[in-house]
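Undergrad: Below is the file target_18.cif, which contains mmCIF, C-alpha atoms.
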data_data
#
loop_
_atom_site.label_atom_id
_atom_site.label_comp_id
_atom_site.auth_asym_id
_atom_site.auth_seq_id
_atom_site.Cartn_x
_atom_site.Cartn_y
_atom_site.Cartn_z
CA MET A 24 32.95 -21.52 69.13
CA GLU A 25 33.65 -19.06 71.93
CA ALA A 26 32.39 -21.54 74.53
CA ALA A 27 34.51 -24.32 72.99
CA MET A 28 37.68 -22.22 73.16
CA ASP A 29 36.83 -21.21 76.73
CA LEU A 30 36.55 -24.90 77.63
CA MET A 31 39.85 -25.80 75.95
CA ARG A 32 41.66 -23.01 77.83
CA ARG A 33 40.66 -24.69 81.09
CA MET A 34 41.52 -28.21 80.02
CA PRO A 35 44.72 -29.82 81.38
CA PRO A 36 47.19 -30.51 78.53
CA GLY A 37 47.01 -34.25 79.19
CA ARG A 38 43.29 -34.27 78.41
CA ALA A 39 43.34 -31.69 75.62
CA GLU A 40 43.35 -34.22 72.76
CA THR A 41 40.37 -36.14 74.16
CA ALA A 42 38.45 -32.91 74.70
CA LEU A 43 39.29 -31.65 71.21
CA ASN A 44 38.07 -34.87 69.57
CA ALA A 45 34.82 -34.60 71.51
CA LEU A 46 34.33 -30.99 70.39
CA LEU A 47 35.07 -31.89 66.77
CA SER A 48 32.26 -34.45 66.88
CA LEU A 49 29.88 -31.98 68.56
CA ILE A 50 30.55 -28.97 66.31
CA PRO A 51 32.02 -30.32 63.04
CA ASP A 52 31.29 -27.01 61.26
CA HIS A 53 34.04 -25.38 63.36
CA SER A 54 36.62 -28.10 62.80
CA LEU A 55 39.07 -25.90 60.90
CA ASP A 56 38.91 -23.13 63.51
CA LEU A 57 39.41 -25.57 66.38
CA LEU A 58 42.33 -27.36 64.75
CA SER A 59 44.07 -24.09 63.92
CA GLN A 60 43.56 -22.42 67.32
CA VAL A 61 43.95 -25.28 69.81
CA ASP A 62 47.47 -26.34 70.76
CA LEU A 63 47.95 -29.99 71.77
CA PRO A 64 50.89 -31.60 73.61
CA LEU A 65 53.66 -32.24 71.11
CA GLN A 66 54.30 -35.72 69.71
CA VAL A 67 57.67 -37.11 68.59
CA CYS A 68 58.68 -39.35 65.68
CA MET A 69 61.97 -40.87 64.52
CA ASP A 70 63.53 -39.97 61.16
CA LYS A 71 64.71 -43.37 59.93
CA GLU A 72 67.12 -41.86 57.39
CA SER A 73 69.01 -39.55 59.74
CA VAL A 74 68.18 -41.55 62.90
CA LYS A 75 67.11 -38.34 64.67
CA GLU A 76 63.89 -37.54 66.49
CA TYR A 77 61.67 -34.69 65.38
CA ILE A 78 58.46 -33.10 66.61
CA LEU A 79 55.09 -33.50 64.93
CA CYS A 80 52.71 -30.55 64.61
CA GLU A 81 50.27 -28.95 62.20
CA TYR A 82 53.09 -26.94 60.63
CA ASN A 83 54.94 -29.93 59.18
CA ARG A 84 51.83 -31.93 58.33
CA ASP A 85 50.45 -32.61 54.86
CA ALA A 86 47.42 -34.92 54.75
CA ASP A 87 48.33 -37.74 57.16
CA SER A 88 52.11 -37.42 56.70
CA TYR A 89 54.68 -35.36 58.58
CA ARG A 90 57.85 -33.80 57.15
CA SER A 91 61.14 -34.31 58.96
CA PRO A 92 63.33 -31.21 59.32
CA TRP A 93 66.41 -33.42 59.02
CA SER A 94 65.78 -35.28 55.77
CA ASN A 95 63.04 -33.00 54.35
CA LYS A 96 61.00 -36.15 53.61
CA TYR A 97 57.49 -37.13 54.62
CA ASP A 98 56.56 -40.13 56.74
CA PRO A 99 54.53 -41.98 55.55
CA PRO A 100 55.99 -41.11 52.10
CA LEU A 101 54.06 -38.45 50.19
CA GLU A 102 54.96 -37.83 46.55
CA ASP A 103 53.40 -34.37 46.20
CA GLY A 104 54.00 -33.14 49.75
CA THR A 105 54.69 -29.45 50.27
CA VAL A 106 58.35 -28.61 50.87
CA PRO A 107 60.06 -25.23 51.36
CA SER A 108 62.02 -23.53 48.60
CA GLU A 109 65.79 -23.98 48.44
CA GLU A 110 66.36 -20.65 50.20
CA MET A 111 63.89 -21.45 52.98
CA ARG A 112 65.23 -24.99 53.30
CA ASN A 113 68.80 -23.73 53.79
CA LEU A 114 67.55 -21.35 56.49
CA GLU A 115 65.58 -24.20 58.08
CA VAL A 116 68.63 -26.48 58.26
CA GLU A 117 70.71 -23.74 59.87
CA ALA A 118 67.89 -22.90 62.30
CA ASN A 119 67.62 -26.52 63.45
CA ASP A 120 71.35 -26.68 64.15
CA VAL A 121 71.34 -23.39 66.07
CA PHE A 122 68.18 -24.20 68.01
CA SER A 123 69.61 -27.56 69.07
CA VAL A 124 72.44 -25.69 70.80
CA TYR A 125 69.94 -23.32 72.45
CA ARG A 126 67.87 -26.31 73.66
CA ASP A 127 70.90 -28.06 75.17
CA GLN A 128 72.04 -24.93 76.99
CA TYR A 129 68.65 -23.97 78.43
CA TYR A 130 66.91 -27.34 78.81
CA GLU A 131 69.83 -29.75 79.22
CA GLY A 132 68.40 -32.14 76.65
CA GLY A 133 64.99 -32.68 75.13
CA ILE A 134 63.95 -32.52 71.48
CA SER A 135 63.63 -29.49 69.21
CA SER A 136 62.46 -28.91 65.64
CA VAL A 137 62.23 -25.85 63.41
CA TYR A 138 59.98 -25.57 60.34
CA ILE A 139 60.08 -22.66 57.89
CA TRP A 140 57.87 -21.99 54.90
CA GLU A 141 56.99 -19.14 52.55
CA ASP A 142 54.07 -16.82 53.16
CA GLU A 143 52.53 -14.15 50.95
CA ASP A 144 54.30 -10.98 49.79
CA GLU A 145 57.86 -12.34 50.06
CA SER A 146 57.45 -12.99 53.79
CA PHE A 147 57.89 -16.28 55.62
CA ILE A 148 56.83 -18.05 58.82
CA ALA A 149 59.06 -20.01 61.20
CA CYS A 150 57.87 -22.43 63.87
CA PHE A 151 60.25 -23.31 66.73
CA LEU A 152 59.28 -26.30 68.90
CA ILE A 153 60.78 -27.72 72.09
CA LYS A 154 59.69 -30.79 74.01
CA LYS A 155 61.33 -31.81 77.29
CA ASP A 156 60.16 -34.79 79.34
CA GLY A 157 61.46 -35.68 82.77
CA GLU A 158 60.90 -38.68 84.97
CA GLY A 159 62.22 -38.77 88.52
CA LYS A 160 65.20 -36.57 87.72
CA ARG A 161 64.63 -33.53 89.90
CA GLY A 162 63.64 -33.66 93.58
CA HIS A 163 60.39 -35.51 94.18
CA MET A 164 59.12 -35.14 90.60
CA GLN A 165 57.76 -38.40 89.25
CA ILE A 166 56.67 -37.36 85.73
CA GLY A 167 56.98 -33.99 84.01
CA SER A 168 56.79 -32.43 80.55
CA TRP A 169 57.37 -29.01 78.97
CA ASP A 170 56.09 -28.24 75.45
CA ALA A 171 56.95 -24.87 73.90
CA ILE A 172 55.60 -23.59 70.56
CA HIS A 173 56.92 -20.36 69.06
CA VAL A 174 55.57 -19.13 65.72
CA ILE A 175 57.21 -16.08 64.13
CA GLN A 176 55.89 -14.29 61.07
CA VAL A 177 58.63 -12.37 59.29
CA GLY A 178 57.64 -9.59 56.90
CA PRO A 179 59.46 -8.68 53.68
CA GLU A 180 62.76 -6.88 54.00
CA GLU A 181 62.56 -3.12 53.45
CA GLU A 182 65.54 -0.78 53.69
CA GLY A 183 67.60 -3.35 55.57
CA ALA A 184 64.92 -4.13 58.18
CA ALA A 185 62.04 -6.58 58.63
CA HIS A 186 58.98 -6.79 60.86
CA TYR A 187 58.73 -9.77 63.25
CA CYS A 188 55.56 -10.95 64.99
CA LEU A 189 55.90 -13.70 67.63
CA ASN A 190 53.15 -15.85 69.19
CA SER A 191 54.13 -18.35 71.88
CA THR A 192 52.47 -21.16 73.83
CA VAL A 193 53.88 -23.22 76.68
CA MET A 194 52.25 -26.36 78.10
CA LEU A 195 53.50 -27.63 81.45
CA SER A 196 52.61 -30.82 83.31
CA LEU A 197 54.25 -32.39 86.34
CA THR A 198 53.43 -34.98 88.98
CA THR A 199 55.18 -35.42 92.32
CA ASP A 200 54.95 -38.37 94.69
CA ASN A 201 56.48 -38.56 98.16
CA LYS A 202 55.44 -39.66 101.64
CA GLN A 203 55.01 -36.17 103.07
CA SER A 204 52.73 -34.63 100.43
CA GLY A 205 51.41 -37.70 98.63
CA THR A 206 50.62 -37.55 94.93
CA PHE A 207 50.26 -34.07 93.44
CA ASN A 208 49.56 -33.10 89.81
CA LEU A 209 49.96 -29.63 88.34
CA SER A 210 49.34 -28.93 84.68
CA GLY A 211 48.28 -26.05 82.47
CA SER A 212 49.20 -23.86 79.54
CA ILE A 213 49.92 -20.21 78.98
CA ARG A 214 49.85 -18.30 75.72
CA ARG A 215 51.21 -14.88 74.86
CA GLN A 216 50.27 -12.95 71.74
CA ASN A 217 51.77 -9.53 71.37
CA HIS A 218 48.50 -7.88 70.36
CA LEU A 219 46.61 -9.22 73.40
CA PHE A 220 49.20 -8.76 76.15
CA SER A 221 51.74 -6.11 77.05
CA PHE A 222 54.81 -8.02 75.88
CA GLN A 223 56.72 -6.06 73.24
CA MET A 224 57.30 -8.94 70.86
CA SER A 225 56.12 -7.33 67.66
CA MET A 226 59.00 -5.28 66.35
CA THR A 227 60.95 -4.13 63.35
CA LEU A 228 64.63 -5.10 63.44
CA ALA A 229 67.65 -4.67 61.19
CA VAL A 230 68.58 -7.84 59.33
CA ALA A 231 72.29 -7.10 59.09
CA ASP A 232 73.05 -9.98 61.48
CA GLY A 233 70.50 -12.29 59.85
CA HIS A 234 66.96 -13.40 60.62
CA LEU A 235 68.06 -16.23 62.94
CA VAL A 236 69.78 -13.82 65.31
CA ASN A 237 66.68 -11.63 65.56
CA MET A 238 64.29 -14.56 65.99
CA GLY A 239 66.56 -16.19 68.56
CA LYS A 240 66.67 -13.04 70.71
CA MET A 241 62.89 -12.72 70.60
CA ILE A 242 62.34 -16.36 71.58
CA GLU A 243 64.87 -16.13 74.40
CA GLU A 244 63.18 -13.03 75.80
CA MET A 245 59.69 -14.49 75.42
CA GLU A 246 60.59 -17.77 77.13
CA GLY A 247 61.96 -15.82 80.09
CA LYS A 248 58.66 -13.96 80.41
CA LEU A 249 56.66 -17.15 80.04
CA ARG A 250 58.67 -18.90 82.74
CA ASN A 251 58.13 -15.96 85.08
CA SER A 252 54.40 -16.00 84.34
CA LEU A 253 54.18 -19.73 85.00
CA ASP A 254 56.05 -19.30 88.26
CA GLN A 255 53.73 -16.51 89.41
CA VAL A 256 50.43 -17.93 88.13
CA TYR A 257 50.75 -21.67 88.72
CA PHE A 258 53.48 -22.24 91.29
CA GLY A 259 52.84 -19.01 93.17
CA LYS A 260 49.08 -19.51 93.43
CA THR A 261 49.47 -23.19 94.30
CA ARG A 262 51.98 -22.33 97.03
CA GLU A 263 49.60 -19.70 98.41
CA MET A 264 46.66 -22.13 98.50
CA VAL A 265 48.66 -24.98 100.05
CA CYS A 266 50.17 -22.75 102.72
CA THR A 267 46.69 -21.43 103.55
CA LEU A 268 45.13 -24.87 103.84
CA ARG A 269 48.14 -26.59 105.40
CA PRO A 270 50.39 -23.98 107.02
CA PRO A 271 54.03 -25.01 107.52
CA PRO A 272 55.01 -26.02 111.09
CA GLU A 273 56.96 -22.81 111.69
CA VAL A 274 53.85 -20.76 110.87
CA LEU A 275 51.68 -22.84 113.23
CA ASN A 276 54.20 -22.42 116.02
CA ARG A 277 54.10 -18.64 115.66
CA ARG A 278 50.30 -18.70 115.89
CA LEU A 279 50.20 -20.67 119.17
CA PRO A 280 49.50 -18.46 122.21
CA ASP A 281 52.18 -18.14 124.82
CA SER A 282 51.65 -20.47 127.77
#
Starting from the file, lay out its structure as structure tokens.
TA:
Amino acid sequence: MEAAMDLMRRMPPGRAETALNALLSLIPDHSLDLLSQVDLPLQVCMDKESVKEYILCEYNRDADSYRSPWSNKYDPPLEDGTVPSEEMRNLEVEANDVFSVYRDQYYEGGISSVYIWEDEDESFIACFLIKKDGEGKRGHMQIGSWDAIHVIQVGPEEEGAAHYCLNSTVMLSLTTDNKQSGTFNLSGSIRRQNHLFSFQMSMTLAVADGHLVNMGKMIEEMEGKLRNSLDQVYFGKTREMVCTLRPPPEVLNRRLPDS
């Protein structure tokens, strides 16, 4: 299992599903662990009733059907599918509306979905998803995608406060194509869990302003840290390697001896 997870961490997001299916056939005894721990690129479906797109994931899945956050119905239809309580459903509807505004402001489009369900001991879990695809919209980029998964576990309220625990995953993939550099593909994923890294994203906050305000602030802060990490790890390292192998003209000119 450890070797399988190590392999999946090194797999480009575009090939993650193929690799996961191969591992499931090789080690079927670990199927549940693999499915619960491996994040795949997000898929999108259309809610025919509300005519809105929503994101598919393990958190809105029951058997082979997926629940829409807009209509609260499963597709394909499922008579005994699990749905949140009335209180959780009201919070889910509000969260989807608020998160749509957040997505438009930060991502200038894309698709978002929020799913909320009850957990044990009067606590609940919320999953915030964002998917943004781009094709030839910025610079020399030919194809690009950004998938963000934020899962927050909210503890029971005690003395006007609640404990929040956030785990986040971002999957990035982009391809550029121009005459100077040719075709270039960069893809990968980064995951931050508060108990493994130094990010302070496990905290107890007052609920006077509501759970959505607290969760929104945590997600906003975490996404900023994830973007910085991606810039330093992927773009920074790639820039360093490219400049080492193919120094820019101005660097070459400085290296030439004086005649």
Undergrad: Once the PyMOL selection byres ((chain A and resi 34) around 12) is applied to the coordinates I shared, what remains selected? I want it as a PDB file with C-alpha atoms, in the coordinates of the input.
TA:
ATOM      1  CA  ALA A  27      34.510 -24.320  72.990  1.00  0.00           C
ATOM      2  CA  MET A  28      37.680 -22.220  73.160  1.00  0.00           C
ATOM      3  CA  ASP A  29      36.830 -21.210  76.730  1.00  0.00           C
ATOM      4  CA  LEU A  30      36.550 -24.900  77.630  1.00  0.00           C
ATOM      5  CA  MET A  31      39.850 -25.800  75.950  1.00  0.00           C
ATOM      6  CA  ARG A  32      41.660 -23.010  77.830  1.00  0.00           C
ATOM      7  CA  ARG A  33      40.660 -24.690  81.090  1.00  0.00           C
ATOM      8  CA  PRO A  35      44.720 -29.820  81.380  1.00  0.00           C
ATOM      9  CA  PRO A  36      47.190 -30.510  78.530  1.00  0.00           C
ATOM     10  CA  GLY A  37      47.010 -34.250  79.190  1.00  0.00           C
ATOM     11  CA  ARG A  38      43.290 -34.270  78.410  1.00  0.00           C
ATOM     12  CA  ALA A  39      43.340 -31.690  75.620  1.00  0.00           C
ATOM     13  CA  GLU A  40      43.350 -34.220  72.760  1.00  0.00           C
ATOM     14  CA  THR A  41      40.370 -36.140  74.160  1.00  0.00           C
ATOM     15  CA  ALA A  42      38.450 -32.910  74.700  1.00  0.00           C
ATOM     16  CA  LEU A  43      39.290 -31.650  71.210  1.00  0.00           C
ATOM     17  CA  VAL A  61      43.950 -25.280  69.810  1.00  0.00           C
ATOM     18  CA  ASP A  62      47.470 -26.340  70.760  1.00  0.00           C
ATOM     19  CA  LEU A  63      47.950 -29.990  71.770  1.00  0.00           C
ATOM     20  CA  PRO A  64      50.890 -31.600  73.610  1.00  0.00           C
ATOM     21  CA  MET A 194      52.250 -26.360  78.100  1.00  0.00           C
ATOM     22  CA  SER A 196      52.610 -30.820  83.310  1.00  0.00           C
ATOM     23  CA  LEU A 209      49.960 -29.630  88.340  1.00  0.00           C
ATOM     24  CA  SER A 210      49.340 -28.930  84.680  1.00  0.00           C
ATOM     25  CA  GLY A 211      48.280 -26.050  82.470  1.00  0.00           C
ATOM     26  CA  SER A 212      49.200 -23.860  79.540  1.00  0.00           C
ATOM     27  CA  ILE A 213      49.920 -20.210  78.980  1.00  0.00           C
TER      28      ILE A 213
END
Undergrad: Within 10 Å of Ala231 (chain A), counting all atoms listed in the file, which residues show up once you throw out same-chain ones fewer than 4 positions away? Write them as a count of residues only, please.
TA: 4
Undergrad: Measure the distance from CA of Leu195 (chain A) to CA of Leu79 (chain A) in Å and round it to one decimal.
TA: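 Atom-to-atom, CA of Leu195 (chain A) to CA of Leu79 (chain A), that is 17.6 Å.
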Undergrad: Write out as a VMD selection string which residues come within 10 Å of Phe151 (chain A) when counting all atoms listed in the file, dropping same-chain ones fewer than 4 positions away.
TA: chain A and resid 78 118 to 119 122 135 to 139 171 to 175 191 238 to 239 242
Undergrad: Counting all atoms listed in the file, find the residues whose atoms lie at most 6 Å from (52.0, -35.7, 54.7) (file coordinates) and write them out as a PDB file with C-alpha atoms, in the coordinates of the input.
TA:
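And here's selection15.pdb as it stands now:
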ATOM      1  CA  ARG A  84      51.830 -31.930  58.330  1.00  0.00           C
ATOM      2  CA  ASP A  85      50.450 -32.610  54.860  1.00  0.00           C
ATOM      3  CA  ALA A  86      47.420 -34.920  54.750  1.00  0.00           C
ATOM      4  CA  ASP A  87      48.330 -37.740  57.160  1.00  0.00           C
ATOM      5  CA  SER A  88      52.110 -37.420  56.700  1.00  0.00           C
ATOM      6  CA  TYR A  89      54.680 -35.360  58.580  1.00  0.00           C
ATOM      7  CA  TYR A  97      57.490 -37.130  54.620  1.00  0.00           C
ATOM      8  CA  LEU A 101      54.060 -38.450  50.190  1.00  0.00           C
ATOM      9  CA  GLY A 104      54.000 -33.140  49.750  1.00  0.00           C
TER      10      GLY A 104
END
Undergrad: Quick one, how far is CA of Ser48 (chain A) from CA of Ala26 (chain A)?
TA: 15.0 Å
Undergrad: Quick one: pull the distance between CA of Gln128 (chain A) and CA of Gly167 (chain A), Å, one decimal.
TA: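 Between CA of Gln128 (chain A) and CA of Gly167 (chain A) the gap works out to 18.9 Å.
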